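Here's my_file.pdb, which has PDB, C-alpha atoms, pLDDT in the B column:
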MODEL        1
ATOM      1  CA  MET A   1       0.274   7.986  -3.203  1.00 87.00           C
ATOM      2  CA  TYR A   2      -2.506   7.543  -5.758  1.00 92.00           C
ATOM      3  CA  THR A   3      -2.456   9.497  -9.029  1.00 94.00           C
ATOM      4  CA  ILE A   4      -4.243   9.368 -12.382  1.00 95.00           C
ATOM      5  CA  THR A   5      -1.868   9.254 -15.357  1.00 93.00           C
ATOM      6  CA  ARG A   6      -2.496   9.158 -19.102  1.00 94.00           C
ATOM      7  CA  VAL A   7      -0.746   6.116 -20.577  1.00 94.00           C
ATOM      8  CA  GLU A   8      -0.094   5.157 -24.197  1.00 94.00           C
ATOM      9  CA  ASP A   9       0.970   1.634 -25.094  1.00 95.00           C
ATOM     10  CA  THR A  10       0.294  -1.234 -27.533  1.00 95.00           C
ATOM     11  CA  ILE A  11      -1.865  -4.327 -27.095  1.00 94.00           C
ATOM     12  CA  ARG A  12      -2.032  -7.569 -29.114  1.00 93.00           C
ATOM     13  CA  ILE A  13      -5.440  -8.675 -30.413  1.00 91.00           C
ATOM     14  CA  LEU A  14      -5.687 -12.323 -31.459  1.00 90.00           C
ATOM     15  CA  PRO A  15      -7.144 -13.305 -34.887  1.00 87.00           C
ATOM     16  CA  GLU A  16     -10.058 -15.187 -33.259  1.00 89.00           C
ATOM     17  CA  GLN A  17     -11.197 -11.917 -31.639  1.00 89.00           C
ATOM     18  CA  PHE A  18     -11.573 -10.024 -34.957  1.00 84.00           C
ATOM     19  CA  GLY A  19     -15.291 -10.850 -35.317  1.00 84.00           C
ATOM     20  CA  GLU A  20     -16.155  -9.486 -31.850  1.00 88.00           C
ATOM     21  CA  ASP A  21     -16.991  -5.909 -30.809  1.00 90.00           C
ATOM     22  CA  LEU A  22     -13.564  -4.275 -31.205  1.00 88.00           C
ATOM     23  CA  ASP A  23     -14.139  -1.637 -28.499  1.00 89.00           C
ATOM     24  CA  GLU A  24     -14.989  -4.343 -25.950  1.00 93.00           C
ATOM     25  CA  VAL A  25     -12.018  -6.470 -27.053  1.00 93.00           C
ATOM     26  CA  ILE A  26      -9.673  -3.479 -26.661  1.00 93.00           C
ATOM     27  CA  LYS A  27     -11.108  -2.556 -23.231  1.00 94.00           C
ATOM     28  CA  ASP A  28     -10.848  -6.153 -21.970  1.00 94.00           C
ATOM     29  CA  SER A  29      -7.329  -6.576 -23.365  1.00 94.00           C
ATOM     30  CA  VAL A  30      -6.044  -3.315 -21.837  1.00 95.00           C
ATOM     31  CA  GLN A  31      -7.440  -4.210 -18.402  1.00 95.00           C
ATOM     32  CA  LYS A  32      -6.012  -7.752 -18.494  1.00 94.00           C
ATOM     33  CA  THR A  33      -2.649  -6.585 -19.852  1.00 94.00           C
ATOM     34  CA  PHE A  34      -1.953  -3.566 -17.643  1.00 94.00           C
ATOM     35  CA  GLU A  35      -3.947  -3.725 -14.398  1.00 94.00           C
ATOM     36  CA  GLY A  36      -1.747  -5.057 -11.606  1.00 92.00           C
ATOM     37  CA  THR A  37       1.491  -4.345 -13.473  1.00 92.00           C
ATOM     38  CA  VAL A  38       4.349  -2.153 -12.224  1.00 92.00           C
ATOM     39  CA  ARG A  39       6.084   0.710 -14.014  1.00 89.00           C
ATOM     40  CA  LYS A  40       9.136   2.169 -12.270  1.00 83.00           C
ATOM     41  CA  ASP A  41       8.209   5.776 -13.090  1.00 87.00           C
ATOM     42  CA  GLN A  42       4.459   5.465 -12.376  1.00 89.00           C
ATOM     43  CA  GLY A  43       4.066   2.668  -9.825  1.00 91.00           C
ATOM     44  CA  ILE A  44       1.376  -0.023  -9.798  1.00 93.00           C
ATOM     45  CA  ILE A  45      -1.478   0.345 -12.291  1.00 94.00           C
ATOM     46  CA  VAL A  46      -4.578  -0.348 -10.215  1.00 95.00           C
ATOM     47  CA  VAL A  47      -7.347   0.521 -12.705  1.00 96.00           C
ATOM     48  CA  ALA A  48      -7.365   1.315 -16.455  1.00 96.00           C
ATOM     49  CA  GLN A  49     -10.312   3.377 -17.728  1.00 95.00           C
ATOM     50  CA  ASN A  50     -11.338   5.800 -20.527  1.00 96.00           C
ATOM     51  CA  ILE A  51      -9.654   3.473 -23.008  1.00 96.00           C
ATOM     52  CA  ILE A  52      -9.468   4.557 -26.655  1.00 95.00           C
ATOM     53  CA  PRO A  53      -7.672   3.104 -29.712  1.00 93.00           C
ATOM     54  CA  VAL A  54      -5.036   5.388 -31.278  1.00 94.00           C
ATOM     55  CA  GLY A  55      -4.949   5.125 -35.079  1.00 90.00           C
ATOM     56  CA  ASP A  56      -5.347   1.873 -36.992  1.00 90.00           C
ATOM     57  CA  GLY A  57      -4.042  -1.469 -35.836  1.00 88.00           C
ATOM     58  CA  ILE A  58      -1.168  -3.209 -37.628  1.00 91.00           C
ATOM     59  CA  VAL A  59      -1.099  -6.884 -38.636  1.00 88.00           C
ATOM     60  CA  ILE A  60       2.447  -8.258 -38.812  1.00 83.00           C
ATOM     61  CA  HIS A  61       3.133 -10.820 -41.565  1.00 82.00           C
ATOM     62  CA  GLY A  62       3.537 -14.311 -40.163  1.00 83.00           C
ATOM     63  CA  ASP A  63       1.920 -13.405 -36.821  1.00 85.00           C
ATOM     64  CA  GLY A  64      -1.752 -12.925 -37.714  1.00 85.00           C
ATOM     65  CA  ALA A  65      -2.505 -10.887 -34.569  1.00 91.00           C
ATOM     66  CA  MET A  66      -3.255  -7.179 -34.703  1.00 91.00           C
ATOM     67  CA  TYR A  67      -1.117  -4.710 -32.763  1.00 94.00           C
ATOM     68  CA  GLN A  68      -3.200  -1.745 -31.657  1.00 93.00           C
ATOM     69  CA  LYS A  69      -1.950   1.447 -30.019  1.00 96.00           C
ATOM     70  CA  VAL A  70      -4.166   2.540 -27.132  1.00 96.00           C
ATOM     71  CA  ALA A  71      -4.428   5.438 -24.700  1.00 96.00           C
ATOM     72  CA  PHE A  72      -6.051   5.191 -21.269  1.00 97.00           C
ATOM     73  CA  ASP A  73      -6.272   6.837 -17.853  1.00 97.00           C
ATOM     74  CA  ALA A  74      -4.455   4.749 -15.257  1.00 96.00           C
ATOM     75  CA  LEU A  75      -5.132   5.007 -11.537  1.00 96.00           C
ATOM     76  CA  THR A  76      -1.667   4.278 -10.160  1.00 95.00           C
ATOM     77  CA  TYR A  77      -0.212   3.759  -6.697  1.00 94.00           C
ATOM     78  CA  MET A  78       3.389   4.829  -6.100  1.00 94.00           C
ATOM     79  CA  PRO A  79       4.818   4.340  -2.588  1.00 93.00           C
ATOM     80  CA  HIS A  80       7.228   7.189  -1.684  1.00 94.00           C
ATOM     81  CA  LEU A  81      10.015   7.153   0.890  1.00 95.00           C
ATOM     82  CA  GLN A  82       9.017   8.834   4.189  1.00 96.00           C
ATOM     83  CA  GLU A  83       5.328   8.839   3.193  1.00 96.00           C
ATOM     84  CA  VAL A  84       2.962   8.107   6.095  1.00 96.00           C
ATOM     85  CA  VAL A  85       0.431   5.430   5.118  1.00 96.00           C
ATOM     86  CA  ASN A  86      -2.542   3.642   6.635  1.00 95.00           C
ATOM     87  CA  GLY A  87      -2.694  -0.136   6.431  1.00 95.00           C
ATOM     88  CA  VAL A  88      -4.108  -3.343   7.871  1.00 96.00           C
ATOM     89  CA  VAL A  89      -2.047  -6.195   9.321  1.00 96.00           C
ATOM     90  CA  CYS A  90      -2.608  -9.236   7.101  1.00 95.00           C
ATOM     91  CA  GLU A  91       0.007 -11.728   8.343  1.00 95.00           C
ATOM     92  CA  ILE A  92       2.287 -12.222  11.358  1.00 95.00           C
ATOM     93  CA  VAL A  93       5.559 -14.032  10.605  1.00 94.00           C
ATOM     94  CA  GLU A  94       8.672 -14.899  12.657  1.00 93.00           C
ATOM     95  CA  PHE A  95      10.466 -11.710  11.570  1.00 93.00           C
ATOM     96  CA  GLY A  96       7.599  -9.194  11.726  1.00 94.00           C
ATOM     97  CA  ALA A  97       4.225  -8.318  10.205  1.00 96.00           C
ATOM     98  CA  PHE A  98       2.956  -7.919   6.652  1.00 96.00           C
ATOM     99  CA  CYS A  99       0.384  -5.191   6.015  1.00 96.00           C
ATOM    100  CA  HIS A 100      -1.880  -4.262   3.129  1.00 94.00           C
ATOM    101  CA  ILE A 101      -1.125  -0.675   2.066  1.00 94.00           C
ATOM    102  CA  GLY A 102      -3.233   0.177  -0.947  1.00 87.00           C
ATOM    103  CA  PRO A 103      -2.842  -2.520  -3.636  1.00 91.00           C
ATOM    104  CA  ILE A 104       0.423  -3.954  -2.272  1.00 91.00           C
ATOM    105  CA  ASP A 105       1.774  -5.628   0.871  1.00 94.00           C
ATOM    106  CA  ALA A 106       4.579  -4.128   2.952  1.00 96.00           C
ATOM    107  CA  LEU A 107       6.730  -5.529   5.762  1.00 96.00           C
ATOM    108  CA  ILE A 108       7.207  -4.094   9.228  1.00 96.00           C
ATOM    109  CA  HIS A 109      10.313  -5.855  10.517  1.00 95.00           C
ATOM    110  CA  MET A 110      10.094  -6.864  14.191  1.00 93.00           C
ATOM    111  CA  SER A 111      12.776  -4.248  15.006  1.00 94.00           C
ATOM    112  CA  GLN A 112      10.538  -1.499  13.551  1.00 96.00           C
ATOM    113  CA  ILE A 113       7.229  -2.387  15.256  1.00 94.00           C
ATOM    114  CA  MET A 114       7.584  -0.524  18.569  1.00 92.00           C
ATOM    115  CA  ASN A 115      10.111   0.976  21.000  1.00 90.00           C
ATOM    116  CA  ASP A 116      10.132  -2.183  23.090  1.00 90.00           C
ATOM    117  CA  TYR A 117      11.475  -5.708  22.941  1.00 92.00           C
ATOM    118  CA  VAL A 118       8.879  -7.823  21.156  1.00 92.00           C
ATOM    119  CA  GLU A 119       7.801 -11.438  21.277  1.00 92.00           C
ATOM    120  CA  VAL A 120       6.473 -12.833  18.009  1.00 91.00           C
ATOM    121  CA  ASP A 121       3.949 -15.667  18.202  1.00 91.00           C
ATOM    122  CA  SER A 122       3.392 -16.481  14.514  1.00 85.00           C
ATOM    123  CA  GLU A 123       1.287 -19.541  15.367  1.00 89.00           C
ATOM    124  CA  ASN A 124      -1.316 -17.431  17.218  1.00 91.00           C
ATOM    125  CA  GLU A 125      -0.617 -14.417  14.961  1.00 92.00           C
ATOM    126  CA  ILE A 126       0.231 -11.908  17.692  1.00 93.00           C
ATOM    127  CA  ILE A 127       3.198  -9.673  18.504  1.00 93.00           C
ATOM    128  CA  THR A 128       3.541  -8.449  22.098  1.00 93.00           C
ATOM    129  CA  GLY A 129       5.814  -5.796  23.638  1.00 91.00           C
ATOM    130  CA  LYS A 130       7.647  -7.262  26.662  1.00 91.00           C
ATOM    131  CA  GLU A 131       7.526  -4.143  28.854  1.00 90.00           C
ATOM    132  CA  LYS A 132       4.568  -2.055  27.656  1.00 86.00           C
ATOM    133  CA  LYS A 133       2.440  -5.106  26.742  1.00 89.00           C
ATOM    134  CA  LYS A 134       1.195  -3.504  23.510  1.00 91.00           C
ATOM    135  CA  THR A 135      -0.102  -6.089  21.051  1.00 93.00           C
ATOM    136  CA  LEU A 136      -0.366  -6.307  17.281  1.00 94.00           C
ATOM    137  CA  ARG A 137      -2.698  -8.826  15.631  1.00 94.00           C
ATOM    138  CA  VAL A 138      -3.942  -9.750  12.160  1.00 94.00           C
ATOM    139  CA  GLY A 139      -6.715  -7.323  11.191  1.00 94.00           C
ATOM    140  CA  ASP A 140      -5.376  -4.402  13.264  1.00 95.00           C
ATOM    141  CA  PRO A 141      -5.447  -1.054  11.410  1.00 95.00           C
ATOM    142  CA  ILE A 142      -2.070   0.710  11.563  1.00 95.00           C
ATOM    143  CA  ARG A 143      -0.329   3.962  10.610  1.00 95.00           C
ATOM    144  CA  ALA A 144       3.300   3.636   9.465  1.00 97.00           C
ATOM    145  CA  ARG A 145       6.061   5.425   7.555  1.00 97.00           C
ATOM    146  CA  ILE A 146       7.645   3.997   4.392  1.00 97.00           C
ATOM    147  CA  VAL A 147      11.404   3.535   4.892  1.00 97.00           C
ATOM    148  CA  SER A 148      12.352   1.440   1.844  1.00 96.00           C
ATOM    149  CA  VAL A 149      10.912   0.925  -1.637  1.00 94.00           C
ATOM    150  CA  SER A 150      12.006  -1.620  -4.251  1.00 92.00           C
ATOM    151  CA  LEU A 151       9.428  -2.051  -7.031  1.00 90.00           C
ATOM    152  CA  ASN A 152       9.748  -5.103  -9.281  1.00 88.00           C
ATOM    153  CA  GLU A 153       8.494  -4.381 -12.810  1.00 88.00           C
ATOM    154  CA  LEU A 154       8.337  -8.085 -13.714  1.00 87.00           C
ATOM    155  CA  SER A 155       6.163  -9.053 -10.745  1.00 83.00           C
ATOM    156  CA  ALA A 156       4.317  -6.681  -8.403  1.00 80.00           C
ATOM    157  CA  ARG A 157       4.227  -9.452  -5.778  1.00 81.00           C
ATOM    158  CA  GLU A 158       8.039  -9.497  -5.701  1.00 86.00           C
ATOM    159  CA  SER A 159       8.190  -5.773  -4.838  1.00 89.00           C
ATOM    160  CA  LYS A 160       9.563  -4.996  -1.388  1.00 93.00           C
ATOM    161  CA  ILE A 161       8.237  -2.146   0.755  1.00 95.00           C
ATOM    162  CA  GLY A 162       9.605  -1.587   4.274  1.00 96.00           C
ATOM    163  CA  LEU A 163       7.702   0.246   7.035  1.00 97.00           C
ATOM    164  CA  THR A 164       8.440   1.580  10.517  1.00 96.00           C
ATOM    165  CA  MET A 165       6.075   2.323  13.402  1.00 95.00           C
ATOM    166  CA  ARG A 166       8.703   3.434  15.947  1.00 92.00           C
ATOM    167  CA  GLN A 167       8.050   7.180  15.732  1.00 90.00           C
ATOM    168  CA  PRO A 168       5.471   9.260  17.647  1.00 88.00           C
ATOM    169  CA  ALA A 169       1.899   9.098  16.271  1.00 89.00           C
ATOM    170  CA  LEU A 170       2.655   5.841  14.414  1.00 94.00           C
ATOM    171  CA  GLY A 171       1.589   2.308  15.287  1.00 92.00           C
ATOM    172  CA  ALA A 172      -1.619   0.350  15.713  1.00 93.00           C
ATOM    173  CA  TYR A 173      -4.571   2.745  16.039  1.00 91.00           C
ATOM    174  CA  ASP A 174      -5.376   1.284  19.476  1.00 88.00           C
ATOM    175  CA  TRP A 175      -1.930   2.409  20.718  1.00 87.00           C
ATOM    176  CA  ILE A 176      -2.191   5.847  19.110  1.00 83.00           C
ATOM    177  CA  TYR A 177      -5.595   6.591  20.673  1.00 82.00           C
ATOM    178  CA  LYS A 178      -4.441   5.280  24.059  1.00 78.00           C
ATOM    179  CA  ASP A 179      -1.239   7.388  23.918  1.00 67.00           C
ATOM    180  CA  GLU A 180      -3.247  10.490  22.907  1.00 64.00           C
ATOM    181  CA  GLY A 181      -5.668   9.816  25.787  1.00 63.00           C
ATOM    182  CA  ASP A 182      -2.734   9.415  28.225  1.00 65.00           C
ATOM    183  CA  GLU A 183      -1.228  12.723  27.041  1.00 65.00           C
ATOM    184  CA  LYS A 184      -4.566  14.545  27.516  1.00 66.00           C
ATOM    185  CA  LYS A 185      -4.867  13.038  31.008  1.00 61.00           C
ATOM    186  CA  LYS A 186      -1.306  14.184  31.876  1.00 61.00           C
ATOM    187  CA  GLU A 187      -2.082  17.721  30.682  1.00 70.00           C
ATOM    188  CA  LYS A 188      -5.321  17.785  32.697  1.00 67.00           C
ATOM    189  CA  ASP A 189      -3.474  16.532  35.809  1.00 62.00           C
ATOM    190  CA  LYS A 190      -0.782  19.230  35.364  1.00 66.00           C
ATOM    191  CA  LYS A 191      -3.413  21.983  35.117  1.00 69.00           C
ATOM    192  CA  GLU A 192      -5.246  20.699  38.213  1.00 69.00           C
ATOM    193  CA  THR A 193      -1.944  20.505  40.159  1.00 62.00           C
ATOM    194  CA  LYS A 194      -1.129  24.130  39.192  1.00 67.00           C
ATOM    195  CA  LYS A 195      -4.604  25.266  40.316  1.00 66.00           C
ATOM    196  CA  ARG A 196      -4.205  23.507  43.679  1.00 61.00           C
ATOM    197  CA  ARG A 197      -0.761  25.091  44.189  1.00 64.00           C
ATOM    198  CA  LYS A 198      -2.137  28.548  43.408  1.00 66.00           C
ATOM    199  CA  GLY A 199      -5.024  27.938  45.821  1.00 62.00           C
ATOM    200  CA  LYS A 200      -2.617  27.106  48.679  1.00 55.00           C
ATOM    201  CA  LYS A 201      -0.645  30.366  48.261  1.00 53.00           C
TER     202      LYS A 201
ENDMDL
END
Output the structure of this file as structure tokens.
Amino acid sequence: MYTITRVEDTIRILPEQFGEDLDEVIKDSVQKTFEGTVRKDQGIIVVAQNIIPVGDGIVIHGDGAMYQKVAFDALTYMPHLQEVVNGVVCEIVEFGAFCHIGPIDALIHMSQIMNDYVEVDSENEIITGKEKKKTLRVGDPIRARIVSVSLNELSARESKIGLTMRQPALGAYDWIYKDEGDEKKKEKDKKETKKRRKGKK
């Protein structure tokens, strides 16, 4: 889920930057320091904007750099358990598929891809259901549910998000539309059968 949060923190401005436009230095420093970082209570900071300095900066003896308090609006992404998300398959591996969901990648383990035995061909980047013959490839848009979240504050890339697509209305969009079409066809066939039965009476 995306939210906008007001954040206050401190940045370090190097002595060689003192002669430059301070507002630009602060903006650049905030974006480089905080964008792409993870905070357990807020999630991943995607974008920092509306950046303002708070009070005067402090120079610490023996350091030379200036420490400046700042406030900014952060567009954050926090994955929540049981949340239904849209994504795109970005990599097929021996044990499942990685998907982009927002600014982070998540894993759909091979046991959570579909209600079918699957064959994973990581060389050709395709996963195929043995009985239903459904396929999943790199680039396929998907809808999935988040089943596990472990955010790593030291490195966003080390965060682990687990997904499942084994419930109704989840999966690759091709499957969902086909299943919805099959259901509509079944309903239409049922109605036509009832009409024919009534006509025979």
message = Please expand the PyMOL selection byres ((chain A and resi 33) around 12) into the concrete residues it hits in this file, giving the result as a list of chain:residue names.
response =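 This file, filtered by the PyMOL selection byres ((chain A and resi 33) around 12), leaves A:Asp9, A:Thr10, A:Ile11, A:Arg12, A:Ile13, A:Val25, A:Ile26, A:Lys27, A:Asp28, A:Ser29, A:Val30, A:Gln31, A:Lys32, A:Phe34, A:Glu35, A:Gly36, A:Thr37, A:Val38, A:Ile45, A:Val46, A:Val47, A:Ala48, A:Val70.
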Do you have, as a Markdown table, the list of residues of range 98-196 of chain A lying at most 6 Å from range 75-88 of chain A, each with its nearest atom pair and that distance in Å to one decimal, counting all atoms listed in the file and ordered by chain then number?
| residue | atom | partner | partner_atom | distance |
| --- | --- | --- | --- | --- |
| A:Cys99 | CA | A:Val88 | CA | 5.2 |
| A:His100 | CA | A:Val88 | CA | 5.3 |
| A:Ile101 | CA | A:Gly87 | CA | 4.7 |
| A:Gly139 | CA | A:Val88 | CA | 5.8 |
| A:Asp140 | CA | A:Val88 | CA | 5.6 |
| A:Pro141 | CA | A:Val88 | CA | 4.4 |
| A:Ile142 | CA | A:Gly87 | CA | 5.2 |
| A:Arg143 | CA | A:Asn86 | CA | 4.6 |
| A:Ala144 | CA | A:Val85 | CA | 5.5 |
| A:Arg145 | CA | A:Val84 | CA | 4.4 |
| A:Ile146 | CA | A:Gln82 | CA | 5.0 |
| A:Val147 | CA | A:Leu81 | CA | 5.6 |
query = Can you list, as a ChimeraX atom specification, the residues that the PyMOL selection byres ((chain A and resi 121) around 12) selects here?
reply = /A:91-97,110,118-120,122-129,135-138
request  = Quick one: pull the distance between CA of Pro15 in chain A and CA of Asn50 in chain A, Å, one decimal.
outcome  = 24.3 Å
Just need the box for range 119-134 of chain A, edges along x, y and z, holding every atom the file lists for it with 5 Å tacked onto each side, so centre and edge lengths in Å to one decimal, as AutoDock Vina command-line options.
--center_x 3.2 --center_y -10.8 --center_z 21.7 --size_x 19.1 --size_y 27.5 --size_z 24.3
key: Point-to-point distance from CA of Met165 in chain A to CA of His109 in chain A, Å rounded to tenths   =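 Going from CA of Met165 in chain A over to CA of His109 in chain A, I get 9.7 Å.
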request  = Have a look at CA of Glu153 in chain A and CA of Ile44 in chain A and let me know their distance in Å, one decimal.
outcome  = 8.9 Å
note = If you count all atoms listed in the file, the residue of A:Gly162, A:Pro103, A:Gly43, A:Gly171 closest to Asn115 in chain A turns out to be A:Gly171
task = For each of A:Asp116, A:Asp63, A:Gln68, A:Arg39, take the minimum atom-to-atom distance to Asp23 in chain A, counting all atoms listed in the file, then give the residue where this is smallest.
result = A:Gln68
Minimum-distance residue to Arg157 in chain A, chosen among A:Glu16, A:Asp105, A:Asp73, A:Asp21 (using all atoms listed in the file) =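 When distances to Arg157 in chain A are compared using all atoms listed in the file, the smallest one comes from A:Asp105.
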Using the chain letters and numbers from the file, give me the residues hit by the PyMOL selection byres ((chain A and resi 4) around 6), as a compact mmCIF listing (two decimals) with C-alpha atoms, in the frame of the given file.
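Final file, expr.txt:
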# COMPACT_ATOMS: atom_id res chain seq x y z
CA THR A 3 -2.46 9.50 -9.03
CA THR A 5 -1.87 9.25 -15.36
CA ALA A 74 -4.46 4.75 -15.26
CA LEU A 75 -5.13 5.01 -11.54
Range 138-165 of chain A from the block above, N, CA and C atoms, as a CSV table (one decimal), in the first residue's frame, please?
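For reference, decode_6.csv as written:
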chain,number,residue,atom,x,y,z
A,138,VAL,N,8.0,-14.7,-18.1
A,138,VAL,CA,8.6,-13.4,-17.8
A,138,VAL,C,7.8,-12.3,-18.6
A,139,GLY,N,7.3,-11.3,-17.9
A,139,GLY,CA,6.6,-10.2,-18.5
A,139,GLY,C,5.1,-10.3,-18.3
A,140,ASP,N,4.6,-11.5,-17.8
A,140,ASP,CA,3.2,-11.7,-17.6
A,140,ASP,C,2.7,-10.8,-16.4
A,141,PRO,N,1.6,-10.1,-16.6
A,141,PRO,CA,1.0,-9.4,-15.5
A,141,PRO,C,0.2,-10.4,-14.6
A,142,ILE,N,0.3,-10.2,-13.3
A,142,ILE,CA,-0.3,-11.1,-12.4
A,142,ILE,C,-1.0,-10.4,-11.2
A,143,ARG,N,-2.0,-11.1,-10.6
A,143,ARG,CA,-2.6,-10.6,-9.4
A,143,ARG,C,-2.3,-11.7,-8.3
A,144,ALA,N,-1.8,-11.3,-7.1
A,144,ALA,CA,-1.5,-12.2,-6.1
A,144,ALA,C,-1.8,-11.7,-4.7
A,145,ARG,N,-1.7,-12.5,-3.7
A,145,ARG,CA,-1.9,-12.1,-2.3
A,145,ARG,C,-0.6,-12.2,-1.5
A,146,ILE,N,-0.3,-11.2,-0.7
A,146,ILE,CA,0.9,-11.3,0.1
A,146,ILE,C,0.7,-12.2,1.3
A,147,VAL,N,1.6,-13.2,1.4
A,147,VAL,CA,1.4,-14.2,2.5
A,147,VAL,C,2.6,-14.1,3.5
A,148,SER,N,3.7,-13.4,3.2
A,148,SER,CA,4.8,-13.2,4.2
A,148,SER,C,5.5,-11.9,3.9
A,149,VAL,N,5.9,-11.2,4.9
A,149,VAL,CA,6.6,-9.9,4.8
A,149,VAL,C,7.8,-9.9,5.8
A,150,SER,N,9.0,-9.7,5.3
A,150,SER,CA,10.2,-9.5,6.1
A,150,SER,C,11.0,-8.4,5.5
A,151,LEU,N,10.8,-7.1,6.0
A,151,LEU,CA,11.5,-6.0,5.5
A,151,LEU,C,12.9,-5.9,6.2
A,152,ASN,N,13.9,-5.6,5.4
A,152,ASN,CA,15.3,-5.5,5.9
A,152,ASN,C,15.6,-4.0,5.9
A,153,GLU,N,15.8,-3.4,7.0
A,153,GLU,CA,16.1,-1.9,7.1
A,153,GLU,C,17.5,-1.6,6.6
A,154,LEU,N,18.4,-2.5,6.6
A,154,LEU,CA,19.8,-2.3,6.2
A,154,LEU,C,19.9,-2.3,4.6
A,155,SER,N,19.1,-3.2,4.0
A,155,SER,CA,19.1,-3.3,2.6
A,155,SER,C,17.7,-3.7,2.0
A,156,ALA,N,17.1,-2.8,1.3
A,156,ALA,CA,15.8,-3.1,0.7
A,156,ALA,C,15.8,-4.3,-0.2
A,157,ARG,N,16.9,-4.5,-0.9
A,157,ARG,CA,17.1,-5.7,-1.8
A,157,ARG,C,17.0,-7.0,-1.0
A,158,GLU,N,17.4,-7.0,0.3
A,158,GLU,CA,17.4,-8.2,1.1
A,158,GLU,C,16.1,-8.5,1.7
A,159,SER,N,15.1,-7.6,1.5
A,159,SER,CA,13.7,-7.8,2.1
A,159,SER,C,13.1,-9.0,1.4
A,160,LYS,N,12.3,-9.8,2.1
A,160,LYS,CA,11.7,-10.9,1.5
A,160,LYS,C,10.1,-10.8,1.6
A,161,ILE,N,9.5,-10.9,0.4
A,161,ILE,CA,8.0,-10.8,0.4
A,161,ILE,C,7.6,-12.1,-0.3
A,162,GLY,N,6.6,-12.8,0.3
A,162,GLY,CA,6.1,-14.0,-0.3
A,162,GLY,C,4.7,-13.8,-0.8
A,163,LEU,N,4.4,-14.4,-2.0
A,163,LEU,CA,3.1,-14.3,-2.6
A,163,LEU,C,2.4,-15.6,-2.9
A,164,THR,N,1.1,-15.7,-3.0
A,164,THR,CA,0.4,-16.8,-3.5
A,164,THR,C,-0.6,-16.5,-4.6
A,165,MET,N,-0.8,-17.4,-5.5
A,165,MET,CA,-1.8,-17.2,-6.6
A,165,MET,C,-2.7,-18.4,-6.6
